[in-house]
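One file, structure.cif, carrying mmCIF, C-alpha atoms and all ligand atoms:
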data_coords
#
loop_
_atom_site.label_atom_id
_atom_site.label_comp_id
_atom_site.auth_asym_id
_atom_site.auth_seq_id
_atom_site.Cartn_x
_atom_site.Cartn_y
_atom_site.Cartn_z
CA MET U 1 -12.47 7.04 -11.33
CA GLU U 2 -8.86 6.29 -10.53
CA LEU U 3 -8.81 2.66 -11.75
CA ASN U 4 -10.84 2.96 -14.95
CA GLY U 5 -9.54 0.53 -17.58
CA LYS U 6 -7.34 -1.35 -15.08
CA CYS U 7 -7.62 -5.01 -14.17
CA VAL U 8 -6.85 -5.94 -10.56
CA LEU U 9 -6.39 -9.63 -9.80
CA LEU U 10 -6.97 -10.55 -6.16
CA GLY U 11 -5.47 -13.79 -4.89
CA VAL U 12 -7.18 -14.95 -1.71
CA SER U 13 -5.61 -17.75 0.35
CA GLY U 14 -6.82 -19.63 3.41
CA GLY U 15 -6.42 -17.21 6.29
CA ILE U 16 -9.00 -15.94 8.73
CA ALA U 17 -8.76 -12.43 7.20
CA ALA U 18 -10.08 -13.66 3.84
CA TYR U 19 -13.48 -12.13 4.59
CA LYS U 20 -11.95 -8.64 4.45
CA MET U 21 -11.23 -9.11 0.75
CA ALA U 22 -14.93 -8.79 -0.08
CA ASN U 23 -14.69 -5.15 0.99
CA VAL U 24 -11.51 -4.71 -1.05
CA ALA U 25 -13.13 -6.22 -4.18
CA SER U 26 -16.17 -4.03 -3.77
CA ALA U 27 -14.14 -0.84 -3.21
CA LEU U 28 -11.96 -1.57 -6.25
CA ARG U 29 -15.07 -1.95 -8.42
CA LYS U 30 -16.27 1.44 -7.17
CA LEU U 31 -12.92 2.91 -8.24
CA GLY U 32 -13.60 1.65 -11.77
CA ALA U 33 -11.39 -1.47 -11.77
CA ASP U 34 -12.20 -4.72 -13.51
CA VAL U 35 -11.69 -7.14 -10.59
CA GLU U 36 -10.85 -10.83 -10.99
CA VAL U 37 -10.51 -13.12 -7.97
CA ILE U 38 -8.66 -16.42 -7.61
CA MET U 39 -9.04 -18.35 -4.37
CA THR U 40 -7.12 -21.29 -3.01
CA LYS U 41 -9.27 -24.31 -2.18
CA ASN U 42 -8.62 -23.68 1.53
CA ALA U 43 -9.74 -20.05 1.22
CA THR U 44 -13.21 -21.29 0.27
CA GLN U 45 -13.50 -22.57 3.86
CA PHE U 46 -13.45 -18.95 5.02
CA ILE U 47 -15.50 -17.10 2.36
CA THR U 48 -17.44 -18.42 -0.64
CA PRO U 49 -16.55 -17.86 -4.30
CA LEU U 50 -20.16 -16.75 -4.76
CA THR U 51 -19.47 -13.65 -2.65
CA PHE U 52 -16.66 -12.56 -4.98
CA GLU U 53 -18.62 -13.55 -8.12
CA THR U 54 -21.50 -11.35 -7.01
CA LEU U 55 -19.21 -8.42 -6.20
CA THR U 56 -17.02 -8.63 -9.32
CA GLY U 57 -19.35 -10.01 -12.01
CA HIS U 58 -16.71 -12.63 -12.90
CA LYS U 59 -16.38 -16.33 -12.21
CA CYS U 60 -14.09 -16.78 -9.22
CA MET U 61 -11.39 -19.26 -10.17
CA VAL U 62 -10.32 -21.95 -7.71
CA ASP U 63 -9.55 -25.10 -9.65
CA THR U 64 -6.81 -25.11 -12.32
CA PHE U 65 -8.64 -27.86 -14.21
CA ASP U 66 -12.13 -26.35 -14.06
CA ARG U 67 -13.66 -26.74 -17.57
CA ASP U 68 -16.83 -24.74 -16.87
CA PHE U 69 -15.87 -21.68 -18.93
CA LYS U 70 -15.04 -20.73 -22.50
CA PHE U 71 -12.10 -22.68 -23.82
CA GLU U 72 -8.85 -20.92 -23.12
CA ALA U 73 -5.87 -21.47 -20.88
CA THR U 74 -7.31 -19.41 -18.03
CA HIS U 75 -4.14 -19.36 -15.97
CA ILE U 76 -2.32 -17.69 -18.87
CA SER U 77 -5.14 -15.36 -19.93
CA LEU U 78 -5.63 -14.10 -16.35
CA ALA U 79 -1.89 -13.63 -15.93
CA LYS U 80 -1.82 -11.51 -19.11
CA LYS U 81 -4.98 -9.56 -18.31
CA ALA U 82 -3.94 -8.37 -14.84
CA ASP U 83 -2.34 -4.93 -14.41
CA VAL U 84 -1.51 -5.83 -10.82
CA ILE U 85 -1.89 -8.88 -8.58
CA LEU U 86 -2.56 -8.56 -4.84
CA VAL U 87 -2.29 -11.78 -2.84
CA ALA U 88 -4.13 -11.05 0.42
CA PRO U 89 -4.37 -12.53 2.88
CA ALA U 90 -1.22 -14.41 1.93
CA THR U 91 -0.85 -17.50 4.10
CA ALA U 92 2.54 -18.79 5.22
CA ASN U 93 1.88 -21.72 2.89
CA VAL U 94 1.14 -19.64 -0.22
CA ILE U 95 4.11 -17.35 0.51
CA ALA U 96 6.39 -20.38 0.72
CA LYS U 97 5.03 -21.76 -2.56
CA MET U 98 5.34 -18.46 -4.44
CA ALA U 99 8.88 -17.95 -3.14
CA HIS U 100 9.94 -21.31 -4.56
CA GLY U 101 8.10 -21.32 -7.86
CA ILE U 102 5.62 -23.99 -6.85
CA ALA U 103 2.52 -23.83 -9.04
CA ASP U 104 0.21 -26.55 -7.77
CA ASP U 105 -3.07 -24.61 -7.79
CA MET U 106 -4.70 -21.86 -9.86
CA LEU U 107 -3.45 -18.99 -7.68
CA THR U 108 0.21 -19.97 -7.55
CA THR U 109 0.17 -20.92 -11.25
CA VAL U 110 -1.16 -17.51 -12.31
CA VAL U 111 1.29 -15.69 -10.02
CA LEU U 112 4.17 -17.61 -11.58
CA ALA U 113 2.96 -16.85 -15.12
CA ALA U 114 2.24 -13.14 -14.58
CA LYS U 115 4.67 -10.35 -15.46
CA CYS U 116 2.71 -7.48 -13.88
CA PRO U 117 3.58 -5.94 -10.48
CA LYS U 118 2.79 -8.33 -7.61
CA LEU U 119 1.83 -7.27 -4.09
CA VAL U 120 1.74 -9.69 -1.17
CA ALA U 121 0.06 -9.00 2.17
CA PRO U 122 1.07 -11.66 4.72
CA ALA U 123 -1.47 -12.37 7.46
CA MET U 124 -0.95 -15.07 10.03
CA ASN U 125 -0.19 -15.90 13.64
CA THR U 126 2.86 -14.03 15.00
CA GLY U 127 4.81 -17.24 15.50
CA MET U 128 4.28 -18.24 11.87
CA LEU U 129 5.22 -14.76 10.63
CA GLU U 130 8.32 -14.40 12.78
CA ASN U 131 9.55 -17.90 11.93
CA PRO U 132 12.84 -17.44 10.05
CA ILE U 133 11.50 -19.70 7.30
CA THR U 134 8.62 -17.31 6.58
CA GLN U 135 10.93 -14.29 6.90
CA ASP U 136 13.35 -15.87 4.42
CA ASN U 137 10.49 -16.60 2.03
CA LEU U 138 9.30 -12.97 2.22
CA ALA U 139 12.84 -11.73 1.59
CA THR U 140 13.04 -14.08 -1.40
CA LEU U 141 9.79 -12.67 -2.81
CA GLU U 142 11.15 -9.12 -2.42
CA ARG U 143 14.31 -10.18 -4.18
CA TYR U 144 12.17 -11.43 -7.08
CA GLY U 145 10.46 -8.02 -7.28
CA PHE U 146 7.32 -8.64 -5.23
CA THR U 147 6.20 -5.80 -2.93
CA VAL U 148 5.52 -7.08 0.56
CA ILE U 149 2.90 -5.01 2.38
CA PRO U 150 3.84 -5.18 6.06
CA SER U 151 1.27 -6.72 8.36
CA GLU U 152 -0.02 -4.73 11.34
CA SER U 153 0.26 -5.45 15.04
CA GLY U 154 -2.60 -5.95 17.44
CA VAL U 155 -4.88 -8.64 18.80
CA LEU U 156 -5.01 -11.53 16.32
CA ALA U 157 -7.92 -13.87 15.65
CA CYS U 158 -6.14 -16.55 17.72
CA LYS U 159 -6.13 -14.06 20.67
CA ASP U 160 -2.34 -13.69 20.51
CA VAL U 161 -1.08 -10.11 20.53
CA GLY U 162 1.62 -9.26 18.00
CA SER U 163 2.33 -8.74 14.32
CA GLY U 164 0.55 -10.68 11.59
CA ARG U 165 -2.74 -8.85 11.17
CA LEU U 166 -3.85 -8.05 7.62
CA PRO U 167 -3.67 -4.26 7.10
CA LYS U 168 -6.96 -2.39 6.82
CA GLU U 169 -8.76 -2.54 3.48
CA GLU U 170 -7.94 1.11 2.69
CA VAL U 171 -4.22 0.40 3.11
CA LEU U 172 -4.37 -2.47 0.60
CA ILE U 173 -6.29 -0.26 -1.84
CA GLU U 174 -3.80 2.61 -1.43
CA HIS U 175 -0.99 0.19 -2.39
CA ILE U 176 -2.88 -0.86 -5.53
CA LEU U 177 -3.55 2.78 -6.44
CA HIS U 178 0.09 3.68 -5.86
CA THR U 179 1.18 0.80 -8.11
CA ILE U 180 -1.10 1.31 -11.12
CA ALA U 181 -3.40 4.34 -10.86
CA ARG U 182 -1.07 6.91 -12.43
CA PRO U 183 1.81 6.82 -14.89
CA LYS U 184 5.11 7.30 -13.05
CA ASP U 185 5.95 10.47 -14.96
CA LEU U 186 7.55 12.11 -11.89
CA ALA U 187 9.91 9.21 -11.17
CA GLY U 188 13.33 10.53 -10.18
CA VAL U 189 11.97 13.95 -9.19
CA ARG U 190 12.43 15.05 -5.57
CA ILE U 191 9.56 17.17 -4.29
CA ALA U 192 9.20 18.90 -0.93
CA VAL U 193 5.69 19.91 0.07
CA THR U 194 4.91 22.01 3.12
CA ALA U 195 1.47 21.76 4.65
CA GLY U 196 -0.60 22.70 7.65
CA PRO U 197 -0.17 25.47 10.20
CA THR U 198 2.89 26.47 12.16
CA GLN U 199 2.78 27.48 15.82
CA GLU U 200 4.89 30.30 17.25
CA ALA U 201 5.08 30.29 21.05
CA LEU U 202 4.26 33.59 22.76
CA ASP U 203 5.14 32.11 26.16
CA PRO U 204 5.18 28.55 27.58
CA VAL U 205 1.35 28.37 27.43
CA ARG U 206 0.12 30.39 24.43
CA TYR U 207 1.00 30.37 20.71
CA LEU U 208 0.14 32.12 17.46
CA THR U 209 -1.20 29.92 14.68
CA ASN U 210 -3.73 29.92 11.82
CA HIS U 211 -6.66 27.87 10.54
CA SER U 212 -4.74 25.81 7.96
CA THR U 213 -5.95 22.18 7.90
CA GLY U 214 -3.10 20.89 5.75
CA LYS U 215 -5.56 19.17 3.39
CA MET U 216 -4.31 20.86 0.23
CA GLY U 217 -0.65 20.09 0.90
CA TYR U 218 -1.43 16.50 1.81
CA ALA U 219 -3.43 16.09 -1.43
CA VAL U 220 -0.54 17.56 -3.47
CA ALA U 221 1.94 15.23 -1.73
CA ARG U 222 -0.27 12.18 -2.35
CA ALA U 223 -0.79 13.02 -6.03
CA ALA U 224 2.96 13.53 -6.55
CA ALA U 225 3.79 10.25 -4.77
CA MET U 226 1.24 8.41 -6.93
CA ARG U 227 3.11 9.73 -9.97
CA GLY U 228 6.37 8.29 -8.70
CA ALA U 229 7.99 11.39 -7.17
CA ASP U 230 10.27 11.14 -4.15
CA VAL U 231 8.15 13.28 -1.82
CA THR U 232 9.04 14.85 1.51
CA LEU U 233 6.00 16.18 3.33
CA ILE U 234 7.01 18.81 5.91
CA HIS U 235 3.99 19.71 7.98
CA GLY U 236 2.80 21.47 11.08
CA PRO U 237 0.35 19.93 13.56
CA THR U 238 -2.68 18.56 11.65
CA ALA U 239 -5.45 16.05 12.34
CA LEU U 240 -4.74 14.19 9.08
CA GLN U 241 -3.45 10.66 8.56
CA PRO U 242 0.16 10.55 7.26
CA VAL U 243 0.42 10.28 3.48
CA ARG U 244 1.73 6.88 2.44
CA PHE U 245 4.79 6.63 0.20
CA THR U 246 6.16 10.00 1.38
CA GLU U 247 8.78 10.94 3.94
CA ASP U 248 6.86 12.49 6.83
CA VAL U 249 8.56 15.43 8.57
CA PRO U 250 6.50 16.86 11.44
CA ILE U 251 7.47 20.34 12.63
CA THR U 252 5.95 23.03 14.84
CA THR U 253 7.48 26.43 14.03
CA ALA U 254 8.27 28.20 10.76
CA GLN U 255 11.94 28.14 11.75
CA GLN U 256 11.85 24.34 12.15
CA MET U 257 10.15 24.05 8.79
CA HIS U 258 13.11 25.84 7.27
CA SER U 259 15.75 23.92 9.26
CA PRO U 260 14.47 21.07 11.48
CA GLU U 261 17.85 20.74 13.17
CA GLN U 262 17.22 24.13 14.83
CA GLY U 263 14.12 22.91 16.62
CA THR U 264 13.44 20.27 19.19
CA SER U 265 10.23 18.87 17.72
CA ALA U 266 11.45 18.15 14.18
CA LYS U 267 12.76 14.63 14.63
CA THR U 268 13.41 13.19 11.19
CA THR U 269 15.54 10.32 10.11
CA SER U 270 17.11 12.26 7.27
CA ASN U 271 16.86 15.70 8.91
CA THR U 272 15.32 16.93 5.68
CA SER U 273 14.45 20.61 5.63
CA VAL U 274 13.09 23.08 3.14
CA LYS U 275 16.58 24.62 3.05
CA GLU U 276 18.10 21.28 2.16
CA VAL U 277 15.54 20.34 -0.48
CA LYS U 278 15.79 23.78 -2.09
CA SER U 279 19.53 23.55 -2.27
CA ALA U 280 19.22 20.13 -3.90
CA GLY U 281 17.49 22.03 -6.71
CA SER U 282 14.28 20.03 -6.70
CA LEU U 283 10.66 21.02 -6.94
CA PHE U 284 9.37 22.83 -3.88
CA VAL U 285 5.67 23.40 -3.19
CA THR U 286 4.48 25.25 -0.11
CA THR U 287 0.85 25.31 0.96
CA THR U 288 1.61 26.57 4.45
CA SER U 289 0.10 29.94 5.23
CA ALA U 290 2.48 30.81 8.07
CA PHE U 291 5.44 30.56 5.76
CA PRO U 292 6.33 32.82 2.79
CA HIS U 293 4.34 31.66 -0.23
CA PHE U 294 6.30 30.58 -3.24
CA ILE U 295 6.60 27.75 -5.71
CA LYS U 296 10.00 27.23 -7.21
CA PHE U 297 10.74 25.14 -10.26
CA SER U 298 14.37 24.45 -10.88
CA ALA U 299 16.25 23.36 -13.95
CA ASN U 300 16.51 19.85 -12.48
CA THR U 301 12.78 19.28 -12.64
C1 LIG U 401 -9.39 -21.18 11.54
C2 LIG U 401 -8.08 -21.16 10.78
C3 LIG U 401 -7.49 -19.96 10.54
C4 LIG U 401 -6.27 -19.90 9.84
N1 LIG U 401 -5.70 -18.69 9.61
C5 LIG U 401 -4.51 -18.64 8.97
C6 LIG U 401 -3.89 -17.39 8.72
O1 LIG U 401 -4.41 -16.32 9.07
N2 LIG U 401 -2.70 -17.38 8.07
C7 LIG U 401 -2.10 -18.54 7.66
O2 LIG U 401 -0.99 -18.48 7.11
N3 LIG U 401 -2.67 -19.73 7.87
C8 LIG U 401 -3.86 -19.82 8.50
N4 LIG U 401 -4.45 -21.03 8.72
C9 LIG U 401 -3.78 -22.23 8.20
C10 LIG U 401 -4.02 -22.37 6.69
O3 LIG U 401 -5.39 -22.38 6.41
C11 LIG U 401 -3.32 -23.63 6.20
O4 LIG U 401 -1.91 -23.47 6.32
C12 LIG U 401 -3.67 -23.94 4.77
O5 LIG U 401 -2.97 -25.09 4.35
C13 LIG U 401 -3.37 -22.79 3.82
O6 LIG U 401 -3.76 -23.16 2.52
P1 LIG U 401 -3.60 -22.16 1.28
O7 LIG U 401 -2.32 -21.47 1.46
O8 LIG U 401 -3.61 -23.07 0.08
O9 LIG U 401 -4.79 -21.27 1.27
C14 LIG U 401 -5.67 -21.10 9.39
C15 LIG U 401 -6.29 -22.32 9.63
C16 LIG U 401 -7.49 -22.35 10.31
C17 LIG U 401 -8.14 -23.68 10.57
#

Translate this file's structure into C-alpha cells.
Amino acid sequence: MELNGKCVLLGVSGGIAAYKMANVASALRKLGADVEVIMTKNATQFITPLTFETLTGHKCMVDTFDRDFKFEATHISLAKKADVILVAPATANVIAKMAHGIADDMLTTVVLAAKCPKLVAPAMNTGMLENPITQDNLATLERYGFTVIPSESGVLACKDVGSGRLPKEEVLIEHILHTIARPKDLAGVRIAVTAGPTQEALDPVRYLTNHSTGKMGYAVARAAAMRGADVTLIHGPTALQPVRFTEDVPITTAQQMHSPEQGTSAKTTSNTSVKEVKSAGSLFVTTTSAFPHFIKFSANT
C-alpha cells in the first residue's frame, strides 16, 4: 500500500464540501495511511467528528483546550506526527488566518506549528474566491511554501456557476500521494515518455493505427512523476485521464511525436518533442508501438 507508515493530517473547515472529506479519510486508510483529523468548530455544523473518528480510529480534535485525552500538548504532538497536512475544504476564513499566522483554534495552531508539507484546497463561493483579499491570502500561503490545490469550476452549492468547487476526492488523494508516497530520488531528472497509438492517415477518412491503450506509458509517467522527475508525456489518442504532475503533449502521427512543430495537432506550450528531449540528454522511455522501440539512458541521468 502506497501510504504505509505515513501519517496524513486532514484539516476540515466549515464549508459545504466538508462531507466529501469522509471519503478522503476512508480512501487514505485503505492506502495504508494513519489518518488524523482536526475540524474547526464551524465544520462540525456540516459533518460530525464521530464520522471521522469511526473512519480513522482516532479522536477527532476540535477544541485546543480539550482535556479528554492522555496528557500531552496535542497541538505540538500532531504537528510533529504528520508527514503531510491537507486543509480541505479550506474556507476563506481559515485561509486568511493561516496566511497571517493566526492560531486561535486547534486547526490553525497545528498548521502554524507543523514543519511538514502543507496542502490547501480552497472551496467557497466564486465571489469569495475571486475577492482580491482571498487571492492575496492564497498567494501569501504559496510564498510561505504551502501548495494550493486549485478549485474546480461548475455549479456550486449556492447555485452560482463558477470556480470555487472542491476538487474530486481522487484529485486530493493524488496530491497527497505525489507529496509523500515516494522518495524524490528522480528530482532534477527530465524524462520523456511516449505512450498510446499513433495514427497515419491513408486519405482524409481512413488511417492506420494499432491497439495500444497507452496504459503502460501512463503508468511509467505517473511513477516517475511521483518520484520527483520532470516528466513530459507525449501520447497518441487514448481514452485515459491525463497524468497529473506531468507535461501533457498530445500528438497524432509518429512524425508529430518526433517533432510536434511539424504537425498541426501537436499544440504544446513548450513545443516539447522526442527530438528535443533526446538532445537535452535526458532519460527517454517509449512505450508506443508505432514508433521505433528503444530506451536510452544518457550520462546525465
Ligand atoms: C451553509 C453554509 C455553507 C458555507 N460554505 C462555505 C464554503 O464553502 N466556503 C467558505 O469559505 N465558507 C463557507 N461558509 C461560511 C463559513 O462557514 C464561515 O465563514 C465560517 O466562519 C468559517 O469558519 P471556519 O473557517 O472556522 O471553519 C458557509 C456557511 C454556511 C452557513

Per-residue nearest contacts of chain U to ligand LIG 401 (chain U) (10 Å; all atoms listed in the file) as a tab-separated table:
residue	atom	partner	partner_atom	distance
U:Gly11	CA	U:LIG401	O9	9.7
U:Val12	CA	U:LIG401	O9	7.4
U:Ser13	CA	U:LIG401	O9	3.7
U:Gly14	CA	U:LIG401	O9	3.4
U:Gly15	CA	U:LIG401	C6	3.5
U:Ile16	CA	U:LIG401	N1	4.4
U:Ala17	CA	U:LIG401	O1	6.1
U:Ala18	CA	U:LIG401	O1	8.2
U:Met39	CA	U:LIG401	O9	7.6
U:Thr40	CA	U:LIG401	O9	4.9
U:Lys41	CA	U:LIG401	O8	6.2
U:Asn42	CA	U:LIG401	O9	4.5
U:Ala43	CA	U:LIG401	O9	5.1
U:Thr44	CA	U:LIG401	O9	8.5
U:Gln45	CA	U:LIG401	O3	8.5
U:Phe46	CA	U:LIG401	C1	8.0
U:Pro89	CA	U:LIG401	O1	7.3
U:Ala90	CA	U:LIG401	O2	6.6
U:Thr91	CA	U:LIG401	O2	3.2
U:Ala92	CA	U:LIG401	O2	4.0
U:Asn93	CA	U:LIG401	O7	4.4
U:Val94	CA	U:LIG401	O7	4.3
U:Ile95	CA	U:LIG401	O7	7.7
U:Ala96	CA	U:LIG401	O7	8.8
U:Lys97	CA	U:LIG401	O7	8.4
U:Asp104	CA	U:LIG401	O8	9.4
U:Asp105	CA	U:LIG401	O8	8.0
U:Leu107	CA	U:LIG401	O8	8.8
U:Thr108	CA	U:LIG401	O8	9.1
U:Pro122	CA	U:LIG401	O2	7.5
U:Ala123	CA	U:LIG401	O1	5.2
U:Met124	CA	U:LIG401	N2	3.5
U:Asn125	CA	U:LIG401	O1	6.2
U:Thr126	CA	U:LIG401	N2	9.5
U:Met128	CA	U:LIG401	O2	7.1
U:Leu129	CA	U:LIG401	O2	8.0
U:Thr134	CA	U:LIG401	O2	9.7
U:Leu156	CA	U:LIG401	O1	8.7
U:Ala157	CA	U:LIG401	O1	7.8
U:Cys158	CA	U:LIG401	C3	8.1
U:Gly164	CA	U:LIG401	O1	7.9
U:Arg165	CA	U:LIG401	O1	7.9
U:Leu166	CA	U:LIG401	O1	8.4

Would you kindly return, as a list in words, each protein, DNA or RNA residue with an atom no farther than 9 Å from any atom of U:Met98, considering only C-alpha atoms and excluding same-chain residues fewer than 5 positions away?
Asn93, Ala103, Thr108, Thr109, Val111, Leu112, Asn137 and Leu141 of chain U

Excluding U:Lys118 and its own-chain neighbours fewer than 3 positions away, which residues fall within 10 Å of it when counting only C-alpha atoms? Please give them as a list in words.
Leu9, Ala82, Asp83, Val84, Ile85, Leu86, Val87, Val111, Ala114, Lys115, Leu141, Glu142, Tyr144, Gly145, Phe146, Thr147, Val148, Ile176 and Thr179 of chain U

Polymer residues at most 10 Å from (-11.2, -7.8, -8.9) by all atoms listed in the file, as JSON, numbers by chain
{"U": [6, 7, 8, 9, 10, 11, 21, 22, 24, 25, 26, 27, 28, 29, 33, 34, 35, 36, 37, 38, 52, 53, 55, 56, 57, 58, 60, 82, 85, 86]}

Taken to one decimal, the atom CA of U:Ala225-atom CA of U:Pro250 distance is 17.7 Å

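Between atom CA of U:His235 and atom CA of U:Ala187 there is a distance of 22.6 Å.
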
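For the residues U:His175, U:Thr209, U:Ala99, U:Asp203, ranking by smallest atom-to-atom distance to U:Ala139 using only C-alpha atoms places U:Ala99 first.
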
Please produce stretch 127-154 of chain U, completed to N, CA and C atoms, as a PDB file, in the coordinates of the input.
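Saved the output as rebuild.pdb:
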ATOM      1  N   GLY U 127       3.773 -16.199  15.518  1.00  0.00           N
ATOM      2  CA  GLY U 127       4.810 -17.240  15.500  1.00  0.00           C
ATOM      3  C   GLY U 127       5.121 -17.685  14.079  1.00  0.00           C
ATOM      4  N   MET U 128       4.066 -17.842  13.272  1.00  0.00           N
ATOM      5  CA  MET U 128       4.280 -18.240  11.870  1.00  0.00           C
ATOM      6  C   MET U 128       5.006 -17.136  11.101  1.00  0.00           C
ATOM      7  N   LEU U 129       4.617 -15.878  11.368  1.00  0.00           N
ATOM      8  CA  LEU U 129       5.220 -14.760  10.630  1.00  0.00           C
ATOM      9  C   LEU U 129       6.683 -14.569  11.012  1.00  0.00           C
ATOM     10  N   GLU U 130       6.949 -14.674  12.323  1.00  0.00           N
ATOM     11  CA  GLU U 130       8.320 -14.400  12.780  1.00  0.00           C
ATOM     12  C   GLU U 130       9.255 -15.592  12.559  1.00  0.00           C
ATOM     13  N   ASN U 131       8.702 -16.729  12.217  1.00  0.00           N
ATOM     14  CA  ASN U 131       9.550 -17.900  11.930  1.00  0.00           C
ATOM     15  C   ASN U 131      10.549 -17.542  10.828  1.00  0.00           C
ATOM     16  N   PRO U 132      11.824 -17.806  11.049  1.00  0.00           N
ATOM     17  CA  PRO U 132      12.840 -17.440  10.050  1.00  0.00           C
ATOM     18  C   PRO U 132      12.542 -18.016   8.656  1.00  0.00           C
ATOM     19  N   ILE U 133      11.826 -19.125   8.618  1.00  0.00           N
ATOM     20  CA  ILE U 133      11.500 -19.700   7.300  1.00  0.00           C
ATOM     21  C   ILE U 133      10.574 -18.750   6.538  1.00  0.00           C
ATOM     22  N   THR U 134       9.539 -18.259   7.225  1.00  0.00           N
ATOM     23  CA  THR U 134       8.620 -17.310   6.580  1.00  0.00           C
ATOM     24  C   THR U 134       9.356 -16.019   6.231  1.00  0.00           C
ATOM     25  N   GLN U 135      10.186 -15.524   7.165  1.00  0.00           N
ATOM     26  CA  GLN U 135      10.930 -14.290   6.900  1.00  0.00           C
ATOM     27  C   GLN U 135      11.844 -14.455   5.685  1.00  0.00           C
ATOM     28  N   ASP U 136      12.500 -15.603   5.584  1.00  0.00           N
ATOM     29  CA  ASP U 136      13.350 -15.870   4.420  1.00  0.00           C
ATOM     30  C   ASP U 136      12.525 -15.895   3.138  1.00  0.00           C
ATOM     31  N   ASN U 137      11.349 -16.523   3.216  1.00  0.00           N
ATOM     32  CA  ASN U 137      10.490 -16.600   2.030  1.00  0.00           C
ATOM     33  C   ASN U 137      10.035 -15.204   1.589  1.00  0.00           C
ATOM     34  N   LEU U 138       9.715 -14.343   2.574  1.00  0.00           N
ATOM     35  CA  LEU U 138       9.300 -12.970   2.220  1.00  0.00           C
ATOM     36  C   LEU U 138      10.469 -12.212   1.595  1.00  0.00           C
ATOM     37  N   ALA U 139      11.658 -12.399   2.161  1.00  0.00           N
ATOM     38  CA  ALA U 139      12.840 -11.730   1.590  1.00  0.00           C
ATOM     39  C   ALA U 139      13.085 -12.235   0.163  1.00  0.00           C
ATOM     40  N   THR U 140      12.871 -13.526  -0.050  1.00  0.00           N
ATOM     41  CA  THR U 140      13.040 -14.080  -1.400  1.00  0.00           C
ATOM     42  C   THR U 140      12.044 -13.439  -2.368  1.00  0.00           C
ATOM     43  N   LEU U 141      10.798 -13.299  -1.932  1.00  0.00           N
ATOM     44  CA  LEU U 141       9.790 -12.670  -2.810  1.00  0.00           C
ATOM     45  C   LEU U 141      10.211 -11.241  -3.150  1.00  0.00           C
ATOM     46  N   GLU U 142      10.710 -10.507  -2.144  1.00  0.00           N
ATOM     47  CA  GLU U 142      11.150  -9.120  -2.420  1.00  0.00           C
ATOM     48  C   GLU U 142      12.300  -9.125  -3.417  1.00  0.00           C
ATOM     49  N   ARG U 143      13.175 -10.080  -3.253  1.00  0.00           N
ATOM     50  CA  ARG U 143      14.310 -10.180  -4.180  1.00  0.00           C
ATOM     51  C   ARG U 143      13.825 -10.443  -5.608  1.00  0.00           C
ATOM     52  N   TYR U 144      12.725 -11.158  -5.745  1.00  0.00           N
ATOM     53  CA  TYR U 144      12.170 -11.430  -7.080  1.00  0.00           C
ATOM     54  C   TYR U 144      11.267 -10.296  -7.577  1.00  0.00           C
ATOM     55  N   GLY U 145      11.201  -9.188  -6.794  1.00  0.00           N
ATOM     56  CA  GLY U 145      10.460  -8.020  -7.280  1.00  0.00           C
ATOM     57  C   GLY U 145       9.055  -7.875  -6.726  1.00  0.00           C
ATOM     58  N   PHE U 146       8.627  -8.795  -5.863  1.00  0.00           N
ATOM     59  CA  PHE U 146       7.320  -8.640  -5.230  1.00  0.00           C
ATOM     60  C   PHE U 146       7.403  -7.483  -4.221  1.00  0.00           C
ATOM     61  N   THR U 147       6.286  -6.773  -4.019  1.00  0.00           N
ATOM     62  CA  THR U 147       6.200  -5.800  -2.930  1.00  0.00           C
ATOM     63  C   THR U 147       5.479  -6.456  -1.768  1.00  0.00           C
ATOM     64  N   VAL U 148       6.156  -6.494  -0.622  1.00  0.00           N
ATOM     65  CA  VAL U 148       5.520  -7.080   0.560  1.00  0.00           C
ATOM     66  C   VAL U 148       4.899  -5.947   1.378  1.00  0.00           C
ATOM     67  N   ILE U 149       3.599  -6.020   1.570  1.00  0.00           N
ATOM     68  CA  ILE U 149       2.900  -5.010   2.380  1.00  0.00           C
ATOM     69  C   ILE U 149       2.966  -5.462   3.832  1.00  0.00           C
ATOM     70  N   PRO U 150       3.638  -4.695   4.692  1.00  0.00           N
ATOM     71  CA  PRO U 150       3.840  -5.180   6.060  1.00  0.00           C
ATOM     72  C   PRO U 150       2.520  -5.409   6.786  1.00  0.00           C
ATOM     73  N   SER U 151       2.471  -6.476   7.561  1.00  0.00           N
ATOM     74  CA  SER U 151       1.270  -6.720   8.360  1.00  0.00           C
ATOM     75  C   SER U 151       1.268  -5.784   9.553  1.00  0.00           C
ATOM     76  N   GLU U 152       0.105  -5.638  10.190  1.00  0.00           N
ATOM     77  CA  GLU U 152      -0.020  -4.730  11.340  1.00  0.00           C
ATOM     78  C   GLU U 152       0.012  -5.522  12.632  1.00  0.00           C
ATOM     79  N   SER U 153       0.244  -4.798  13.717  1.00  0.00           N
ATOM     80  CA  SER U 153       0.260  -5.450  15.040  1.00  0.00           C
ATOM     81  C   SER U 153      -1.052  -5.208  15.757  1.00  0.00           C
ATOM     82  N   GLY U 154      -1.379  -6.103  16.650  1.00  0.00           N
ATOM     83  CA  GLY U 154      -2.600  -5.950  17.440  1.00  0.00           C
ATOM     84  C   GLY U 154      -3.053  -7.299  17.937  1.00  0.00           C
TER      85      GLY U 154
END
